Structures are given as C-alpha cells and as structure tokens.
Amino acid sequence: MTLFTHDSGAGNVDEVLPFTIPARDARGRVVRLGATMHTILAAHDYPPALRRLLAEALLLTTMMGTLLKDEGCQLTLQVQAQNGAVDLLVCDYRDGELRGYVRHDALRLADLEPHPTLIDLFGDGYLAITFDLPATAKRYQGIVALEGASLARVCEAYFAQSEQVPTLIRIGLDVEGGRCFAGGLLIQHLPDGEEGRERLHARLDHPHWEHVAALAGSMTAAELVDPALPLDDIIWRLFHEEDEIRLMPPTGLTRGCRCSADYYRSVLSRFSAEDLDEMRDEDGRISVDCAFCSRLFPVPL
Ligand SMILES: [Zn+2]
C-alpha cells in the first residue's frame with residue numbers, strides 16, 4: 001500500500017482532492033464546500049429546497065469541472081425546464097471559481113412539499129453539460145433527460161450515456177438553517193487508461209469497476225459532511241486495502257463571477273448607440289442585472 005500524501009493543512013474546506021487508483025483504472029475526486037458555498041447561497045434568498053438543489057448542483061459542477069485539466073477550461077451545468085416551479089438552473093466552474101443561480105416561481109415553489117422531487121421542481125426538462133476548451137476553441141455539450149431521484153443520479157446517467165464512462169457520485173448536504181457545509185465524491189472507471197477515447201461499450205460489469213463502485217458506494221452522506229473527517233481520510237477510509245492510491249494536488253475553490261464593468265462594457269459595445277440610449281434610465285445610466293450575483297451593476301458608458 002502506497003499513499004502519496006500531501007500537506008493539505010487544516011480543514012480541507014473549499015477544496016477538491018483528485019485521486020487515482022491505477023491498478024483499477026479508476027479516477028475520482030472528493031470535494032468540500034463551506035465558506036464558498038455560503039457566499040454563493042447568501043447572494044440569493046432561496047427557500048430550503050432551492051438551497052439544497054443549488055448546493056448539490058455546485059458540488060457536481062466542481063467535481064466535473066476539475067476533470068478538465070487545462071487552464072481556462074470551463075464546465076457549465078444547466079437545467080432548462082418547463083411546467084415546474086424552477087425553469088432554469090445554471091452553475092459553472094473555471095480555474096477554481098464557482099458560481100450559480102436558480103430561476104424560479106416563488107408562488108409555485110411555496111405550494112410544493114418541503115422535500116420536492118426533481119419532477120416537482122422542474123416539471124419537464126433536461127440537463128445540459130457543456131465543456132468549453134479555449135486552447136482548442138472547442139465546445140462539447142451533452143444533454144440528458146431529468147430522470148432520477150436527484151441531480152447526482154442524472155449526472156451519472158450523463159456519463160453512462162454520453163461518455164460511456166461508468167461513474168458513481170455521492171453527495172452530502174448540511175445547508176439547513178444557517179448551516180452551509182457540503183461534501184461530494186465522484187469516481188469513474190477509465191479502462192482504456194486514456195481520457196477522451198471513444199468507448200462504444202460501457203462495461204458496468206467490469207470486475208475492477210464493480211469492486212471500486214462497491215467500496216465507494218459505502219460512503220454515506222453523513223461522512224461527506226463530517227467536519228472531523230478530512231478529504232484524504234475519506235479516500236483512505238474507502239480504499240485503504242488497495243495496493244496504491246495516488247493523490248493529486250488539491251485545488252482551492254472560491255466564488256467567482258465575470259460580471260465586472262469591463263466585461264459588460266465589452267458586451268454592450270456590440271449594441272448601437274440607439275439601442276444603448278433605450279437602455280438608459282432617467283439619469284442616463286445603464287445598469288446590467290447579474291443573475292449569478294442577484295444584483296444590478298451600473299456600467300459606465
Ligand atoms: Zn455576477
């Protein structure tokens with residue numbers, strides 16, 4: 001048993017810890033979000049069901065976003081729906097920065113049970129996962145139906161259907177009341193060793209995957225949000241009988257938005273002077289509403 005440890009310091013909060021189990025062709029991540037999650041949720045005044053929904057989406061976005069290795073790559077998780085209380089959920093991840101929001105009908109949401117199902121929340125909809133890779137100017141998008149008990153199950157289905165990569169995801173949330181702590185585990189089987197290779201037949205019954213999935217599947221939501229259990233201890237607890245586990249350097253996480261005045265100036269520069277005049281308020285100012293930040297930004301023009 002070789003465990004390449006790192007000096008993670010205290011806490012392991014707002015951090016993703018990637019790992020691989022080479023003999024099993026498996027790779028994974030564990031993540032914890034605390035203050036970063038609080039900052040994102042605090043920008044919005046969401047009821048408990050939406051706090052849980054957005055918290056789960058942020059964990060998923062982080063774990064999938066860190067599968068992209070190159071700087072500047074972005075992962076966007078987006079649910080578009082109709083006939084439910086929520087019609088849009090957007091989260092994205094780029095270089096350790098995370099943001100997200102939910103657009104909803106407050107009255108319809110108030111009519112739902114305290115723990116609504118995905119169908120209650122969204123009605124009919126789909127989940128789109130988009131990978132933006134600026135180095136090659138490429139964008140990949142996979143779409144999957146919103147079928148399953150949770151967004152985590154929908155993301156597992158995305159990997160199975162769109163990428164033919166067997167994937168197991170576990171989520172733990174402690175975001176009730178004033179609390180704001182969440183943990184997640186993602187593990188995948190890459191039998192060809194290389195990422196991105198075409199896999200026409202997902203082997204959900206591969207013995208290595210069955211073994212790894214059985215171990216990872218024993219992780220409980222309570223353990224994922226146990227502050228006394230650091231991220232590397234979670235990996236150790238699950239896989240200590242494996243010959244070798246490789247821990248990669250952790251990635252720190254913060255809340256980040258691109259809604260600077262410079263960004264909006266560049267967006268607005270594409271509009272004609274007449275269009276801009278129509279956007280001005282009585283005092284001649286133009287303000288742009290950032291849904292991620294839930295606030296208006298005056299743009300000096
Ligand atoms: Zn913003």
# chains A, B, ... in the order shown; residues from 1 in each chain; ligands from 1
$ closest_atom_pairs --of "chain A" --to "ligand 1" --cutoff "9 Å" --atoms "only C-alpha atoms and all ligand atoms" --output "tab-separated table"
residue	atom	partner	partner_atom_place_in_ligand_line	distance
A:Arg99	CA	ligand 1	1 (Zn)	8.3
A:Gly256	CA	ligand 1	1 (Zn)	7.9
A:Cys257	CA	ligand 1	1 (Zn)	4.6
A:Arg258	CA	ligand 1	1 (Zn)	5.9
A:Cys259	CA	ligand 1	1 (Zn)	4.2
A:Ser260	CA	ligand 1	1 (Zn)	7.4
A:Asp289	CA	ligand 1	1 (Zn)	8.2
A:Cys290	CA	ligand 1	1 (Zn)	4.7
A:Ala291	CA	ligand 1	1 (Zn)	6.6
A:Phe292	CA	ligand 1	1 (Zn)	4.9
A:Cys293	CA	ligand 1	1 (Zn)	4.2
A:Ser294	CA	ligand 1	1 (Zn)	7.4
A:Arg295	CA	ligand 1	1 (Zn)	7.6
A:Leu296	CA	ligand 1	1 (Zn)	8.9
A:Phe297	CA	ligand 1	1 (Zn)	8.6
$ residues_around --residues "segment 21-28 of chain A" --least-positions-apart "3" --cutoff "6 Å" --atoms "only C-alpha atoms" --output "list in words"
Pro18, Leu186, Ile187, Gln188, His189, Leu190, Pro191, His208 and Ile245 of chain A
$ residues_around --residues "Lys69 of chain A" --least-positions-apart "3" --cutoff "12 Å" --atoms "only C-alpha atoms" --output "list in words"
Pro18, Met63, Met64, Gly65, Thr66, Gly72, Cys73, Gln74, Leu75, Arg94, Asp95, Gly96, Phe131, Asp132, Leu133, Pro134, Ala135, Glu195, Met248 and Thr251 of chain A
$ write_last_selection --atoms "C-alpha atoms" --output "PDB file, in the first residue's frame"
ATOM      1  CA  PRO A  18      -8.358  14.376  -7.067  1.00  0.00           C
ATOM      2  CA  MET A  63     -16.293  17.611  -9.361  1.00  0.00           C
ATOM      3  CA  MET A  64     -16.967  17.511 -13.108  1.00  0.00           C
ATOM      4  CA  GLY A  65     -15.219  20.835 -13.756  1.00  0.00           C
ATOM      5  CA  THR A  66     -11.980  19.579 -12.240  1.00  0.00           C
ATOM      6  CA  GLY A  72      -9.197  28.368 -18.777  1.00  0.00           C
ATOM      7  CA  CYS A  73     -11.456  25.372 -19.397  1.00  0.00           C
ATOM      8  CA  GLN A  74     -14.998  25.857 -18.215  1.00  0.00           C
ATOM      9  CA  LEU A  75     -17.704  23.423 -17.277  1.00  0.00           C
ATOM     10  CA  ARG A  94     -13.463  27.654 -14.246  1.00  0.00           C
ATOM     11  CA  ASP A  95      -9.992  27.603 -12.704  1.00  0.00           C
ATOM     12  CA  GLY A  96     -11.230  27.059  -9.165  1.00  0.00           C
ATOM     13  CA  PHE A 131     -17.259  21.739 -21.708  1.00  0.00           C
ATOM     14  CA  ASP A 132     -15.559  24.856 -23.113  1.00  0.00           C
ATOM     15  CA  LEU A 133     -11.940  24.235 -24.051  1.00  0.00           C
ATOM     16  CA  PRO A 134     -10.370  27.565 -25.058  1.00  0.00           C
ATOM     17  CA  ALA A 135      -6.988  26.068 -26.043  1.00  0.00           C
ATOM     18  CA  GLU A 195      -9.385  10.099 -21.255  1.00  0.00           C
ATOM     19  CA  MET A 248      -3.046  14.762  -6.815  1.00  0.00           C
ATOM     20  CA  THR A 251      -7.459  22.666  -5.995  1.00  0.00           C
TER      21      THR A 251
END
$ closest_residue --among "A:Asn83, A:Ser269, A:Thr20, A:Thr254" --to "Leu67 of chain A" --atoms "only C-alpha atoms"
A:Thr20
$ residues_around --residues "Cys91 of chain A" --least-positions-apart "3" --cutoff "6 Å" --atoms "only C-alpha atoms" --output "list in words"
Thr76, Leu77, Arg99 and Gly100 of chain A
$ residues_around --residues "segment 149-160 of chain A" --least-positions-apart "3" --cutoff "10 Å" --atoms "only C-alpha atoms" --output "MDAnalysis selection string"
chainID A and resid 53:54 56:57 59:61 64 77 79 117:119 126:129 142:146 163:171 184 186 188 201:204
$ atom_distance --atom1 "atom CA of Asp45 of chain A" --atom2 "atom CA of Val225 of chain A"
22.9 Å
$ residues_around --residues "Arg103 of chain A" --least-positions-apart "6" --cutoff "8 Å" --atoms "only C-alpha atoms" --output "ChimeraX atom specification"
/A:86-89
$ write_last_selection --atoms "C-alpha atoms" --output "PDB file, in the first residue's frame"
ATOM      1  CA  VAL A  86     -37.959  26.081 -11.410  1.00  0.00           C
ATOM      2  CA  ASP A  87     -37.330  26.854 -15.076  1.00  0.00           C
ATOM      3  CA  LEU A  88     -33.576  27.433 -15.062  1.00  0.00           C
ATOM      4  CA  LEU A  89     -30.564  26.373 -13.001  1.00  0.00           C
TER       5      LEU A  89
END
$ closest_residue --among "A:Leu121, A:Ala43, A:Leu224, A:Leu107" --to "Ala81 of chain A" --atoms "only C-alpha atoms"
A:Leu121
$ atom_distance --atom1 "atom CA of Met219 of chain A" --atom2 "atom CA of Pro250 of chain A"
20.2 Å
$ residues_around --residues "Pro300 of chain A" --least-positions-apart "5" --cutoff "9 Å" --atoms "only C-alpha atoms" --output "MDAnalysis selection string"
chainID A and resid 261 265 285:287
$ select_by_dssp --residues "segment 36-253 of chain A" --states "alpha helix (DSSP H)" --output "NGL selection string"
:A and (36-42 or 48-65 or 106-110 or 118-122 or 151-158 or 207-216 or 221-224 or 231-239)
